[in-house]
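Data first, discussion second: the structure below is written as structure tokens.
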Amino acid sequence: MNAKRAIFSWLSAVVFILSAITAVETRADSLASFLTDLEPSELAPGADAFGPVRDDVKVAPVLKGGETVAWAFLTSDFVGTTGYSGKPIHVVAAIDSDAVLTGVRLVKHSEPIVLIGIPNSKMVALTESYAGLDLKIEAETGGEGHDLDIISGATVTIMVIDDSLVRGGIKVARALGLGGLAPVQLGPKRELDMARDTVESWEKLAGDGSIRRMTLDVGQVNQAFAETGDERAIARPEPGEPGDTFIDMHMALVSVPSIGRSLLGDAEYKNLVEWLEPGEHAILVLGRGAYSFKGSGYVRGGIFDRIQLIQGDNSVRFFDKMQLRVREVDAADSPAFVELDLFKIPVDSEFDPAQPFRLQLLVQRAVGALDRVFLTWDLGYKLPEHYLLPQQPVTVLDDATGEAAAKSALWKRIWKDKTVEIGGLAAMLLVLTGVFFFQFHATANPRTFFWFRVGFLSVSLVFLGWHTNAQLSVVNLMALAGSLRSGFSWDAFLMDPLVFIQWFAIAAALLFWGRGAYCGWLCPFGALQELLNKAAKALKVPQWTLPWGLHERLWPLKYMIFLGLFGLSMVSIPMAETYAEIEPFKTAIILKFVREWPFVVFALILLLAGLFIERFYCRYLCPLGAALAIPARIRMFDWLRRYKECGSPCQTCANECPVQAIHPTGEINPNECVNCLHCQVLYQSDTKCPVIIRQLKRREKTGSADIKIPSKAPPKNHPNSKTSTAS
């Protein structure tokens, strides 16, 4: 009993300690704890104190003389976007009553590139530059009302910070009603009653709000420009009498069957339905008066720059392919119009016909040869209730749905921005796959294959490495393991499309060819080592061949390094990421040697060793190569051809293997092979391969015209062979 009691007490103590640690970590990532390390004036000029964090919305008032001048918030409290580390990037920002950010501070992150690569001062400066961002504009433009600054090597991190600040700030502004931004009501969408298709008169449609109208006269427009105070605009008033019609504009949502049939007629409405894709809608815009809502910009650039549709945070600009002219309104009692046009609302605009929207008219006035002054007027529209199906009981949705959609939109945006790079990587993978499948033909001409390999490695180094920073790392695997433990999500891994695509390609290649598909061809640092070694050989730098016994005993080093890092990541991922600096990839590839001198010296030492021992780092130290070699044991095919004479008596391939992956007995060690295919070049060589040379001599004696190279020579472990080897 005493023993059981002691064990129970010990377990209780452990649980208590772990709970305390968890509580400390939770407090460390809260707004209240971060505010203790910040001065109020850092978030709002002249502020002198912080108020308590509110219970309903996780914000804290920023006080100046006892008055609230802004609200402080932590981005990770409002959005769940994570960086490539799989963890949130914590930023504290303050927003004033006009929905403008008054101050921004980067307070905590786990991004490995930033932690041990890019100077923190760059990240801090860029984050602080968001002070002054007007979130009203961001809400109106869907987060695209500002230019995005990118720091080389930290593209994903910057985009995550940008997304967190904009979306988190808009959520805070809506929750507090700042800047006139209203909360978004969550609930099921209302649906159109598509069965209602009765034809109505113009008078009835105008009376119930199916058609909305905005009229401006010359006097109103001149008065509005006068109120801007711009003397140049005031000096150029619109011609005509104050009561003359400047523009009389009408709008109707004609994708609603009843409205469409009434205004367009059955034939024109049928054409409209055929023009629209599923989920798309259309508005009919009618105009008359001195001012054209279309203008002439669409003739030059294909865009209607005088109108845009706005609904909530989304806006739609119309292009020439989204417009159709209408000859006349079918309703007999309609007024006469000069301009009659249909405009398509695309499905990706997330337009909801049941919600209010507005058509914004831009009125411009030339004040110089190239200068113009602009004013806007809004024509509001809300579809009458009788066109909608009855309201269903409202169920408030969890914000997780919107958060998932926002995360998806972010990584899709990143993929779209990387279209050219993705195409380049796809071409490289396609070419490499072709070489591996037809390796016997690819290696038939030694000189051609040599320069092909040099060219491919150069592309891997310059394009994949230095240009796109798509260098894989053991840190990726540690992040994956951490994500699996804490709740897996694709979002963090989809943030870097080139890395994501490479990992999927590697997963497939491990089944077919082992780890060499990446290590021998696509790894930028591996390419850098090999290209430097080839240059060293051209300059007659002596090459060192380690004794086989020592070489074989150095192989396990990289596996020990990998297992050590993996075990350390179970305890502390940030610590493991720090010790992962055994990889010189960030220094040599991502940061291009622009880094603190100890890191640069370490990378240069490894490259220097590689001048004498080809791929020194790959052979003995690379934890990523070790990690890939372990699952590569499951590969399903043996592609490398061997003769039964390989290893006994012939040692040509073993002596010339660039990474000494061939045993003296002739077996190829698949854990160490980088699939450079040099052994396949030798397999067909008429100057180095004894089998081919012997066949040449036999041909000279017999007068035979062909050299018979087996199309698929059995490996040495084949039942018909006398000795044993692995392909």
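As shown in the structure tokens, the chain order sets the letters A, B, ...; within each chain, residues go from 1, and ligands are also counted from 1 in the order they appear.
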(request) Within 8 Å of Pro52 in chain A, counting only C-alpha atoms, which residues show up once you throw out same-chain ones fewer than 5 positions away? Write them as a ChimeraX atom specification, please. (result) /A:32,60-61
(request) Identify, on the basis of only C-alpha atoms, every residue whose closest approach to Leu63 in chain A does not exceed 12 Å; exclude the query and any residue fewer than 2 positions from it along the same chain; express the result as a ChimeraX atom specification. (result) /A:39-41,43-52,60-61,65-72,94,96
Export of the given selection (N, CA and C atoms) as a short mmCIF file (atom, residue, chain, number, x, y, z; two decimals), in the first residue's frame:
data_model
loop_
_atom_site.label_atom_id
_atom_site.label_comp_id
_atom_site.auth_asym_id
_atom_site.auth_seq_id
_atom_site.Cartn_x
_atom_site.Cartn_y
_atom_site.Cartn_z
N GLU A 39 6.35 48.98 -24.19
CA GLU A 39 5.98 50.30 -23.69
C GLU A 39 4.73 50.76 -24.45
N PRO A 40 3.75 51.37 -23.77
CA PRO A 40 2.55 51.83 -24.46
C PRO A 40 2.84 52.74 -25.64
N SER A 41 3.90 53.58 -25.50
CA SER A 41 4.21 54.51 -26.59
C SER A 41 4.70 53.79 -27.84
N LEU A 43 3.15 51.33 -29.18
CA LEU A 43 1.95 50.96 -29.93
C LEU A 43 1.08 52.14 -30.30
N ALA A 44 1.19 53.25 -29.55
CA ALA A 44 0.43 54.46 -29.87
C ALA A 44 1.23 55.66 -29.39
N PRO A 45 1.53 56.61 -30.27
CA PRO A 45 2.35 57.77 -29.88
C PRO A 45 1.75 58.50 -28.68
N GLY A 46 2.60 58.73 -27.67
CA GLY A 46 2.17 59.48 -26.50
C GLY A 46 1.44 58.67 -25.46
N ALA A 47 1.13 57.40 -25.72
CA ALA A 47 0.41 56.57 -24.75
C ALA A 47 1.29 56.30 -23.54
N ASP A 48 0.65 56.14 -22.37
CA ASP A 48 1.43 55.96 -21.14
C ASP A 48 1.00 54.76 -20.31
N ALA A 49 -0.01 54.01 -20.72
CA ALA A 49 -0.44 52.87 -19.91
C ALA A 49 -1.31 51.93 -20.75
N PHE A 50 -1.40 50.68 -20.24
CA PHE A 50 -2.31 49.69 -20.82
C PHE A 50 -3.42 49.40 -19.82
N GLY A 51 -4.64 49.23 -20.32
CA GLY A 51 -5.73 48.79 -19.48
C GLY A 51 -5.80 47.28 -19.45
N PRO A 52 -6.71 46.69 -18.64
CA PRO A 52 -6.83 45.23 -18.57
C PRO A 52 -7.40 44.65 -19.86
N ALA A 60 -6.78 44.97 -25.34
CA ALA A 60 -6.49 45.78 -24.16
C ALA A 60 -6.44 47.24 -24.58
N PRO A 61 -7.10 48.13 -23.84
CA PRO A 61 -7.05 49.55 -24.19
C PRO A 61 -5.65 50.13 -24.01
N GLY A 65 -3.22 59.54 -20.75
CA GLY A 65 -3.87 60.41 -19.78
C GLY A 65 -5.19 59.85 -19.31
N GLY A 66 -5.31 58.54 -19.25
CA GLY A 66 -6.54 57.90 -18.80
C GLY A 66 -7.57 57.69 -19.88
N GLU A 67 -7.36 58.22 -21.08
CA GLU A 67 -8.29 58.07 -22.19
C GLU A 67 -7.79 56.99 -23.15
N THR A 68 -8.72 56.20 -23.67
CA THR A 68 -8.36 55.15 -24.63
C THR A 68 -8.11 55.77 -26.00
N VAL A 69 -6.89 55.58 -26.50
CA VAL A 69 -6.55 56.12 -27.82
C VAL A 69 -6.40 55.01 -28.87
N ALA A 70 -6.32 53.77 -28.40
CA ALA A 70 -6.18 52.64 -29.33
C ALA A 70 -6.48 51.36 -28.56
N TRP A 71 -6.58 50.27 -29.30
CA TRP A 71 -6.80 48.95 -28.71
C TRP A 71 -5.67 48.03 -29.17
N ALA A 72 -5.01 47.38 -28.20
CA ALA A 72 -3.92 46.45 -28.51
C ALA A 72 -4.49 45.04 -28.65
N ALA A 94 -1.72 47.67 -32.45
CA ALA A 94 -2.75 48.53 -31.86
C ALA A 94 -3.51 49.20 -32.99
N ASP A 96 -6.67 52.17 -33.85
CA ASP A 96 -7.40 53.29 -33.27
C ASP A 96 -8.87 53.25 -33.69
#
(message) Give me the residues near range 163-174 of chain A as JSON, numbers by chain, where near means some atom within 6 Å (using only C-alpha atoms) and where sequence neighbours in that chain fewer than 6 positions away do not count.
(response) {"A": [75, 78, 79, 99, 181, 182, 183]}
Can those selected residues be exported to a file as an mmCIF file, in the first residue's frame so that it contains C-alpha atoms?
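Result written to selection01.cif:
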data_model
loop_
_atom_site.group_PDB
_atom_site.id
_atom_site.type_symbol
_atom_site.label_atom_id
_atom_site.label_comp_id
_atom_site.auth_asym_id
_atom_site.auth_seq_id
_atom_site.Cartn_x
_atom_site.Cartn_y
_atom_site.Cartn_z
ATOM 1 C CA THR A 75 -2.722 38.479 -34.010
ATOM 2 C CA PHE A 78 -7.777 36.181 -33.972
ATOM 3 C CA VAL A 79 -6.218 34.232 -36.864
ATOM 4 C CA ALA A 99 -9.477 51.365 -37.902
ATOM 5 C CA LEU A 181 -16.747 48.325 -40.031
ATOM 6 C CA ALA A 182 -19.742 46.242 -38.980
ATOM 7 C CA PRO A 183 -19.552 42.671 -37.678
#
(message) When DSSP is applied to the backbone of this structure, which of range 591-723 of chain A are assigned alpha helix (DSSP H)? Write them out as a PyMOL selection string.
(response) chain A and resi 597-612+616-620+623-629+652-656+678-683+690-702
Next, the residues of the selection above should be written as a short mmCIF file (atom, residue, chain, number, x, y, z; two decimals), in the first residue's frame with N, CA and C atoms.
data_model
loop_
_atom_site.label_atom_id
_atom_site.label_comp_id
_atom_site.auth_asym_id
_atom_site.auth_seq_id
_atom_site.Cartn_x
_atom_site.Cartn_y
_atom_site.Cartn_z
N TRP A 597 30.14 35.30 -39.50
CA TRP A 597 31.33 34.60 -40.00
C TRP A 597 31.46 33.15 -39.54
N PRO A 598 31.05 32.75 -38.31
CA PRO A 598 31.22 31.33 -37.95
C PRO A 598 30.44 30.40 -38.88
N PHE A 599 29.24 30.79 -39.28
CA PHE A 599 28.46 29.96 -40.18
C PHE A 599 29.12 29.87 -41.55
N VAL A 600 29.62 31.00 -42.03
CA VAL A 600 30.27 31.03 -43.34
C VAL A 600 31.54 30.18 -43.33
N VAL A 601 32.32 30.29 -42.26
CA VAL A 601 33.56 29.50 -42.16
C VAL A 601 33.24 28.02 -42.16
N PHE A 602 32.22 27.63 -41.40
CA PHE A 602 31.84 26.21 -41.34
C PHE A 602 31.45 25.70 -42.73
N ALA A 603 30.64 26.46 -43.45
CA ALA A 603 30.22 26.03 -44.78
C ALA A 603 31.41 25.94 -45.73
N LEU A 604 32.30 26.92 -45.65
CA LEU A 604 33.48 26.92 -46.53
C LEU A 604 34.41 25.75 -46.23
N ILE A 605 34.53 25.37 -44.95
CA ILE A 605 35.37 24.22 -44.59
C ILE A 605 34.81 22.94 -45.23
N LEU A 606 33.49 22.79 -45.18
CA LEU A 606 32.88 21.61 -45.80
C LEU A 606 33.09 21.60 -47.31
N LEU A 607 32.95 22.77 -47.94
CA LEU A 607 33.17 22.84 -49.38
C LEU A 607 34.64 22.62 -49.73
N LEU A 608 35.53 23.11 -48.86
CA LEU A 608 36.97 22.88 -49.08
C LEU A 608 37.30 21.40 -49.02
N ALA A 609 36.72 20.69 -48.04
CA ALA A 609 36.94 19.25 -47.95
C ALA A 609 36.42 18.55 -49.19
N GLY A 610 35.32 19.09 -49.75
CA GLY A 610 34.75 18.49 -50.95
C GLY A 610 35.60 18.65 -52.18
N LEU A 611 36.56 19.58 -52.17
CA LEU A 611 37.48 19.72 -53.30
C LEU A 611 38.41 18.53 -53.41
N PHE A 612 38.70 17.89 -52.28
CA PHE A 612 39.63 16.76 -52.25
C PHE A 612 38.91 15.42 -52.16
N PHE A 616 32.03 15.27 -49.83
CA PHE A 616 32.45 14.90 -48.47
C PHE A 616 31.28 15.01 -47.50
N TYR A 617 30.55 16.11 -47.55
CA TYR A 617 29.45 16.32 -46.62
C TYR A 617 28.34 15.29 -46.85
N CYS A 618 28.01 15.01 -48.11
CA CYS A 618 26.95 14.04 -48.41
C CYS A 618 27.32 12.65 -47.90
N ARG A 619 28.58 12.30 -48.01
CA ARG A 619 29.00 10.95 -47.63
C ARG A 619 28.88 10.70 -46.13
N TYR A 620 29.32 11.68 -45.32
CA TYR A 620 29.55 11.37 -43.91
C TYR A 620 28.71 12.18 -42.91
N PRO A 623 22.43 14.79 -42.39
CA PRO A 623 21.31 14.11 -41.73
C PRO A 623 20.10 13.94 -42.65
N LEU A 624 19.94 14.85 -43.63
CA LEU A 624 18.83 14.70 -44.56
C LEU A 624 19.04 13.47 -45.43
N GLY A 625 20.26 13.26 -45.92
CA GLY A 625 20.56 12.07 -46.70
C GLY A 625 20.31 10.80 -45.91
N ALA A 626 20.67 10.83 -44.62
CA ALA A 626 20.43 9.67 -43.76
C ALA A 626 18.94 9.43 -43.59
N ALA A 627 18.18 10.50 -43.39
CA ALA A 627 16.73 10.37 -43.21
C ALA A 627 16.07 9.78 -44.45
N LEU A 628 16.56 10.16 -45.65
CA LEU A 628 15.99 9.64 -46.89
C LEU A 628 16.43 8.21 -47.15
N ALA A 629 17.62 7.85 -46.68
CA ALA A 629 18.12 6.50 -46.94
C ALA A 629 17.32 5.44 -46.19
N THR A 652 36.71 -1.51 -61.86
CA THR A 652 36.64 -0.19 -62.50
C THR A 652 35.56 0.69 -61.89
N CYS A 653 34.34 0.17 -61.79
CA CYS A 653 33.24 0.97 -61.23
C CYS A 653 33.50 1.33 -59.78
N ALA A 654 34.02 0.37 -59.00
CA ALA A 654 34.29 0.64 -57.59
C ALA A 654 35.33 1.73 -57.43
N ASN A 655 36.33 1.73 -58.28
CA ASN A 655 37.40 2.74 -58.19
C ASN A 655 36.94 4.11 -58.67
N GLU A 656 36.02 4.13 -59.63
CA GLU A 656 35.61 5.42 -60.20
C GLU A 656 34.31 5.97 -59.63
N HIS A 678 27.16 7.16 -63.22
CA HIS A 678 28.50 7.01 -63.81
C HIS A 678 28.81 5.54 -64.07
N CYS A 679 28.32 4.67 -63.19
CA CYS A 679 28.57 3.24 -63.40
C CYS A 679 27.86 2.73 -64.65
N GLN A 680 26.76 3.40 -65.04
CA GLN A 680 26.08 3.00 -66.26
C GLN A 680 26.80 3.51 -67.51
N VAL A 681 27.52 4.62 -67.35
CA VAL A 681 28.39 5.07 -68.44
C VAL A 681 29.52 4.06 -68.65
N LEU A 682 30.11 3.62 -67.53
CA LEU A 682 31.19 2.63 -67.61
C LEU A 682 30.67 1.29 -68.13
N TYR A 683 29.44 0.96 -67.83
CA TYR A 683 28.83 -0.31 -68.25
C TYR A 683 28.84 -0.45 -69.77
N PRO A 690 35.91 -4.08 -69.09
CA PRO A 690 36.55 -5.29 -69.64
C PRO A 690 35.59 -6.14 -70.46
N VAL A 691 34.33 -6.19 -70.07
CA VAL A 691 33.37 -7.01 -70.80
C VAL A 691 33.21 -6.48 -72.22
N ILE A 692 33.07 -5.18 -72.36
CA ILE A 692 32.92 -4.57 -73.69
C ILE A 692 34.21 -4.71 -74.49
N ILE A 693 35.34 -4.49 -73.83
CA ILE A 693 36.64 -4.61 -74.52
C ILE A 693 36.84 -6.04 -75.02
N ARG A 694 36.44 -7.01 -74.20
CA ARG A 694 36.58 -8.41 -74.61
C ARG A 694 35.69 -8.71 -75.81
N GLN A 695 34.49 -8.13 -75.82
CA GLN A 695 33.60 -8.33 -76.97
C GLN A 695 34.17 -7.67 -78.22
N LEU A 696 34.83 -6.52 -78.05
CA LEU A 696 35.46 -5.87 -79.20
C LEU A 696 36.56 -6.75 -79.80
N LYS A 697 37.35 -7.34 -78.94
CA LYS A 697 38.43 -8.22 -79.42
C LYS A 697 37.85 -9.44 -80.12
N ARG A 698 36.75 -9.97 -79.55
CA ARG A 698 36.11 -11.13 -80.17
C ARG A 698 35.56 -10.76 -81.54
N ARG A 699 35.02 -9.51 -81.65
CA ARG A 699 34.48 -9.06 -82.93
C ARG A 699 35.59 -8.96 -83.98
N GLU A 700 36.77 -8.48 -83.52
CA GLU A 700 37.89 -8.36 -84.46
C GLU A 700 38.31 -9.72 -84.99
N LYS A 701 38.20 -10.73 -84.10
CA LYS A 701 38.61 -12.06 -84.52
C LYS A 701 37.58 -12.72 -85.43
N THR A 702 36.29 -12.51 -85.07
CA THR A 702 35.23 -13.20 -85.81
C THR A 702 34.66 -12.37 -86.95
#
(message) Just want the 6 Å neighbourhood of Val104 in chain A, counted on only C-alpha atoms, with same-chain residues fewer than 4 positions away dropped. Output as a list in words.
(response)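 Everything that qualifies: Val92, Ala93, Glu128 and Ala131 of chain A.
Here the question is which of A:Lys321, A:Lys122, A:His281, A:Arg372 gets nearest to Ile345 in chain A using only C-alpha atoms, and that residue is A:His281.
Residues in contact with Leu528 in chain A at 7 Å, where only C-alpha atoms are counted and same-chain residues fewer than 4 positions away are skipped, are listed as Leu461, Pro524 and Leu532 of chain A.
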I need the residues from that last selection saved to file as an mmCIF file, in the first residue's frame (with N, CA and C atoms), if you can.
data_model
loop_
_atom_site.group_PDB
_atom_site.id
_atom_site.type_symbol
_atom_site.label_atom_id
_atom_site.label_comp_id
_atom_site.auth_asym_id
_atom_site.auth_seq_id
_atom_site.Cartn_x
_atom_site.Cartn_y
_atom_site.Cartn_z
ATOM 1 N N LEU A 461 21.375 24.176 -58.702
ATOM 2 C CA LEU A 461 22.039 25.121 -57.808
ATOM 3 C C LEU A 461 21.486 26.534 -57.976
ATOM 4 N N PRO A 524 20.474 21.404 -54.084
ATOM 5 C CA PRO A 524 21.360 22.506 -54.501
ATOM 6 C C PRO A 524 22.743 22.454 -53.848
ATOM 7 N N LEU A 532 31.960 22.181 -57.770
ATOM 8 C CA LEU A 532 33.257 22.676 -57.306
ATOM 9 C C LEU A 532 34.316 21.592 -57.426
#
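CA of Glu339 in chain A is found 7.7 Å from CA of Ser292 in chain A.
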